[in-house]
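Chemist: Sending over a structure as structure tokens; questions will come in a sec.
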Amino acid sequence: MSKEIVVSGIRSTGNLHLGNYFGAIQNYIKMQEEYTCYFFVADYHSLTTHPDPAQLRPNVFKVLAENIACGLDPERVTLYVQSDVPEIPELYLMLNMLSYKGELEKTASFKEKARKQPDNVNAGLLTYPTLMAADILIHKAKYVPVGKDQEQHLEMTRNFANRFNHRYGETFPEPYPFNFGKSLVKIPSLDGTGKMSKSENEHATLYLCDEDDLIRKKVMKAKTDQGPTEPNSTMPDYIVNLFDLMKLVSSEEVVQQFLNNYNDCTIRYGDMKKQLAEDMVTFIRPIREKTLALQQDTASLNRIMLSGREKARESAAKTLSEARKKMGINFYT
Ligand code: TYM
């Protein structure tokens with residue numbers, strides 16, 4: 001039986017962080033054995049903010065290296081760069097005819113970006129979800145491992161797929177976000193005011209390339225208070241946050257010990273943060289070191305990209321040809 005198809009991508013807009021790892025990459029790695037996986041660097045998507053052209057190449061290489069350093073095996077999955085697959089922008093163009101201004105303007109990510117960069121509300125920003133749909137539908141994916149922030153984009157992808165199918169005949173399966181049956185993840189920032197992010201909240205985001213001392217510094221700055229005065233009190237959000245982060249990298253016994261200390265009012269947040277910092281260092285260090293080594297080896301990264309491009313285009317060309325025919329764009333029979 002053929003394996004089910006999985007697609008997911010990461011924008012090349014900056015350093016990857018714990019949110020990218022626990023929201024997406026961790027599942028890529030778990031899925032690579034059982035599914036036919038297409039994972040890519042979304043460099044076109046990064047263009048909405050007009051990055052410096054000289055930074056594009058190093059950024060793309062870094063994301064590739066970080067994915068591999070986290071455990072992604074380019075022999076098992078198709079790992080490629082979005083702009084290497086011209087079938088994607090062609091499908092994007094077709095899907096744009098089925099994406100409506102009203103729904104695009106209502107997208108939460110568009111509204112947020114339009115608010116943050118009022119001088120650059122470009123059409124690429126507006127049709128961001130349409131390009132994402134093309135990324136996913138080009139391989140007829142069934143599952144898309146992503147974090148919580150991408151849920152709405154997936155819903156839109158299903159709408160576009162259904163619209164296409166309805167108008168031109170059954171072509172695309174409905175893709176769903178995937179987290180092994182659990183709800184999608186949102187990794188909070190260390191200051192508890194939002195999520196970890198590549199470009200914002202840098203002091204409260206732990207990056208996979210952060211040096212040990214920087215990790216310690218960021219964790220030690222996390223907000224705490226005097227501690228509970230009543231046994232079993234309700235935890236303030238910022239403390240829940242710390243426990244949530246601890247659950248990602250510390251052993252169950254360690255988490256339980258600090259929970260017990262919280263509940264009997266003996267908790268010392270300084271100790272808890274020290275423990276969390278050390279467990280974060282232990283988690284991040286090998287990924288950082290492996291990334292650095294991989295980044296030096298540009299020849300290997302180039303080979304991986306080329307082989308990924310070939311495999312991705314093979315699958316994409318089949319879907320595109322079918323979509324063109326369904327739309328009536330087949331003039332040379
Ligand atoms: P991007 O590059 O912002 O993030 C990459 C992946 O990391 C997840 N993520 C998080 N998960 C949990 N907590 C967080 N704090 C957190 N921050 C980021 C994201 O949900 C994502 O899974 N639009 C996408 C890239 C994309 C894509 C696609 C994804 C383009 N085309 C097709 C899937 C399928 C994005 O900007 O992700």
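Numbering starts fresh at 1 for the residues of each chain in the structure tokens, the chains themselves are lettered A, B, ... in the order given, and ligands are numbered from 1 as they appear.
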At a cut-off of 7 Å, can you tabulate as a tab-separated table every residue of chain A near ligand 1 together with its closest atom pair and the distance in Å to one decimal, using only C-alpha atoms and all ligand atoms and ordering rows by chain then number?

Modeler:
```
residue	atom	partner	partner_atom_place_in_ligand_line	distance
A:Val7	CA	ligand 1	34 (C)	5.9
A:Ser8	CA	ligand 1	33 (C)	3.8
A:Gly9	CA	ligand 1	27 (C)	4.0
A:Ile10	CA	ligand 1	2 (O)	3.7
A:Arg11	CA	ligand 1	2 (O)	3.7
A:Ser12	CA	ligand 1	2 (O)	6.7
A:Gly19	CA	ligand 1	14 (C)	3.6
A:Asn20	CA	ligand 1	7 (O)	3.6
A:Tyr21	CA	ligand 1	7 (O)	6.8
A:Phe22	CA	ligand 1	12 (C)	6.1
A:Gly23	CA	ligand 1	11 (N)	3.4
A:Ala24	CA	ligand 1	22 (O)	4.6
A:Ala42	CA	ligand 1	30 (C)	5.3
A:His45	CA	ligand 1	30 (C)	6.3
A:Leu131	CA	ligand 1	31 (N)	6.9
A:Met132	CA	ligand 1	31 (N)	4.1
A:Ala133	CA	ligand 1	32 (C)	6.7
A:Asp135	CA	ligand 1	32 (C)	5.2
A:Ile136	CA	ligand 1	32 (C)	5.4
A:Val144	CA	ligand 1	33 (C)	6.0
A:Pro145	CA	ligand 1	22 (O)	6.3
A:Val146	CA	ligand 1	22 (O)	3.3
A:Gly147	CA	ligand 1	20 (O)	3.1
A:Lys148	CA	ligand 1	20 (O)	5.6
A:Asp149	CA	ligand 1	20 (O)	5.1
A:Gln150	CA	ligand 1	20 (O)	5.0
A:Val185	CA	ligand 1	12 (C)	4.9
A:Lys186	CA	ligand 1	13 (N)	3.6
A:Ile187	CA	ligand 1	13 (N)	3.7
A:Pro188	CA	ligand 1	15 (N)	5.7
A:Lys195	CA	ligand 1	15 (N)	4.3
A:Met196	CA	ligand 1	15 (N)	4.0
A:Ser197	CA	ligand 1	17 (N)	5.5
```

Chemist: Which residues in segment 61-214 of chain A does DSSP call helix (DSSP H, G or I)? List them as a PyMOL selection string.

Modeler: chain A and resi 61-70+82-84+87-96+101-106+108-116+118-120+123-126+128-137+148-168+202-204+212-214

Chemist: So that each row is one residue of segment 49-91 of chain A with an atom at most 8 Å from segment 291-297 of chain A, can you give its shortest atom pair and the distance in Å to one decimal, using only C-alpha atoms, rows by chain and rising number, as a Markdown table?

Modeler:
```
| residue | atom | partner | partner_atom | distance |
| --- | --- | --- | --- | --- |
| A:Phe61 | CA | A:Gln295 | CA | 6.9 |
| A:Lys62 | CA | A:Gln295 | CA | 6.5 |
| A:Ala65 | CA | A:Thr291 | CA | 5.3 |
| A:Glu66 | CA | A:Thr291 | CA | 5.3 |
| A:Ile68 | CA | A:Thr291 | CA | 7.7 |
| A:Ala69 | CA | A:Thr291 | CA | 5.3 |
```

Chemist: Would you save the residues of that selection, restricted to C-alpha atoms, as an mmCIF file, in the first residue's frame?

Modeler:
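Saved result, result-v6.cif, follows:
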```
data_model
loop_
_atom_site.group_PDB
_atom_site.id
_atom_site.type_symbol
_atom_site.label_atom_id
_atom_site.label_comp_id
_atom_site.auth_asym_id
_atom_site.auth_seq_id
_atom_site.Cartn_x
_atom_site.Cartn_y
_atom_site.Cartn_z
ATOM 1 C CA PHE A 61 21.137 27.040 3.933
ATOM 2 C CA LYS A 62 20.747 27.616 7.634
ATOM 3 C CA ALA A 65 21.120 22.638 8.107
ATOM 4 C CA GLU A 66 18.946 23.159 11.191
ATOM 5 C CA ILE A 68 18.952 18.058 9.345
ATOM 6 C CA ALA A 69 20.685 18.801 12.654
#
```

Chemist: Using only C-alpha atoms, determine which residues lie at most 12 Å from Gln55 of chain A, disregarding the query and same-chain residues fewer than 3 positions distant; provide the list as a list in words.

Modeler: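 Result of the neighbour search: Ser12, Thr13, Gly14, Asp43, Ser46, Leu47, His50, Pro51, Asp52, Pro58, Asn59, Val60, Phe61 and Lys62 of chain A.
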
Chemist: Can I get the selection written as a PDB file, in the first residue's frame, with N, CA and C atoms?

Modeler:
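selection-v4.pdb, freshly written:
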```pdb
ATOM      1  N   SER A  12      12.278  30.985   5.540  1.00  0.00           N
ATOM      2  CA  SER A  12      13.702  31.275   5.812  1.00  0.00           C
ATOM      3  C   SER A  12      13.833  32.740   6.214  1.00  0.00           C
ATOM      4  N   THR A  13      13.256  33.050   7.380  1.00  0.00           N
ATOM      5  CA  THR A  13      13.278  34.459   7.793  1.00  0.00           C
ATOM      6  C   THR A  13      14.138  34.713   9.010  1.00  0.00           C
ATOM      7  N   GLY A  14      14.831  33.716   9.486  1.00  0.00           N
ATOM      8  CA  GLY A  14      15.649  33.961  10.678  1.00  0.00           C
ATOM      9  C   GLY A  14      15.961  32.640  11.339  1.00  0.00           C
ATOM     10  N   ASP A  43      11.105  29.901   0.883  1.00  0.00           N
ATOM     11  CA  ASP A  43      11.810  31.163   0.627  1.00  0.00           C
ATOM     12  C   ASP A  43      10.919  32.189  -0.072  1.00  0.00           C
ATOM     13  N   SER A  46       9.081  34.116   2.375  1.00  0.00           N
ATOM     14  CA  SER A  46       9.858  35.084   3.160  1.00  0.00           C
ATOM     15  C   SER A  46       9.955  36.437   2.443  1.00  0.00           C
ATOM     16  N   LEU A  47       9.610  36.468   1.148  1.00  0.00           N
ATOM     17  CA  LEU A  47       9.799  37.704   0.385  1.00  0.00           C
ATOM     18  C   LEU A  47       8.785  38.802   0.721  1.00  0.00           C
ATOM     19  N   HIS A  50      10.361  41.776   2.182  1.00  0.00           N
ATOM     20  CA  HIS A  50      11.488  42.367   1.446  1.00  0.00           C
ATOM     21  C   HIS A  50      12.844  42.185   2.135  1.00  0.00           C
ATOM     22  N   PRO A  51      13.244  40.925   2.374  1.00  0.00           N
ATOM     23  CA  PRO A  51      14.554  40.707   3.023  1.00  0.00           C
ATOM     24  C   PRO A  51      15.702  41.121   2.088  1.00  0.00           C
ATOM     25  N   ASP A  52      16.849  41.356   2.673  1.00  0.00           N
ATOM     26  CA  ASP A  52      18.050  41.703   1.923  1.00  0.00           C
ATOM     27  C   ASP A  52      18.407  40.516   1.010  1.00  0.00           C
ATOM     28  N   PRO A  58      22.251  32.435   2.599  1.00  0.00           N
ATOM     29  CA  PRO A  58      22.633  31.900   3.920  1.00  0.00           C
ATOM     30  C   PRO A  58      21.433  31.500   4.771  1.00  0.00           C
ATOM     31  N   ASN A  59      20.338  32.240   4.642  1.00  0.00           N
ATOM     32  CA  ASN A  59      19.157  31.886   5.440  1.00  0.00           C
ATOM     33  C   ASN A  59      18.569  30.544   5.020  1.00  0.00           C
ATOM     34  N   VAL A  60      18.521  30.318   3.717  1.00  0.00           N
ATOM     35  CA  VAL A  60      17.980  29.048   3.219  1.00  0.00           C
ATOM     36  C   VAL A  60      18.881  27.890   3.662  1.00  0.00           C
ATOM     37  N   PHE A  61      20.193  28.091   3.525  1.00  0.00           N
ATOM     38  CA  PHE A  61      21.137  27.040   3.933  1.00  0.00           C
ATOM     39  C   PHE A  61      21.030  26.753   5.424  1.00  0.00           C
ATOM     40  N   LYS A  62      20.815  27.810   6.187  1.00  0.00           N
ATOM     41  CA  LYS A  62      20.747  27.616   7.634  1.00  0.00           C
ATOM     42  C   LYS A  62      19.520  26.787   8.010  1.00  0.00           C
TER      43      LYS A  62
END
```

Chemist: What's around Lys318 of chain A at 12 Å? Count only C-alpha atoms, leave out sequence neighbours fewer than 6 positions away in its own chain, and write the answer as a list in words.

Modeler: Glu87, Ile88, Leu91, Leu137, Ile138, His139, Lys140, Thr171, Lys311, Ala312, Arg324 and Lys325 of chain A

Chemist: Using only C-alpha atoms, determine which residues lie at most 10 Å from Tyr269 of chain A, disregarding the query and same-chain residues fewer than 6 positions distant; provide the list as a PyMOL selection string.

Modeler: chain A and resi 220+222-227+239+242+258+261-262+275

Chemist: Restricted to C-alpha atoms, what would the selected residues look like written as a PDB file, in the first residue's frame?

Modeler:
```pdb
ATOM      1  CA  MET A 220      17.023  33.376  34.297  1.00  0.00           C
ATOM      2  CA  ALA A 222      11.860  34.818  32.913  1.00  0.00           C
ATOM      3  CA  LYS A 223       9.231  36.455  35.079  1.00  0.00           C
ATOM      4  CA  THR A 224       8.467  34.899  38.472  1.00  0.00           C
ATOM      5  CA  ASP A 225       7.262  36.192  41.847  1.00  0.00           C
ATOM      6  CA  GLN A 226       7.663  35.533  45.587  1.00  0.00           C
ATOM      7  CA  GLY A 227       6.057  32.105  45.245  1.00  0.00           C
ATOM      8  CA  ILE A 239       4.472  30.213  36.072  1.00  0.00           C
ATOM      9  CA  LEU A 242       7.669  27.964  32.912  1.00  0.00           C
ATOM     10  CA  PHE A 258       9.036  21.322  41.244  1.00  0.00           C
ATOM     11  CA  ASN A 261       7.460  22.201  45.729  1.00  0.00           C
ATOM     12  CA  TYR A 262       4.963  24.630  44.244  1.00  0.00           C
ATOM     13  CA  GLN A 275      17.365  23.573  36.290  1.00  0.00           C
TER      14      GLN A 275
END
```
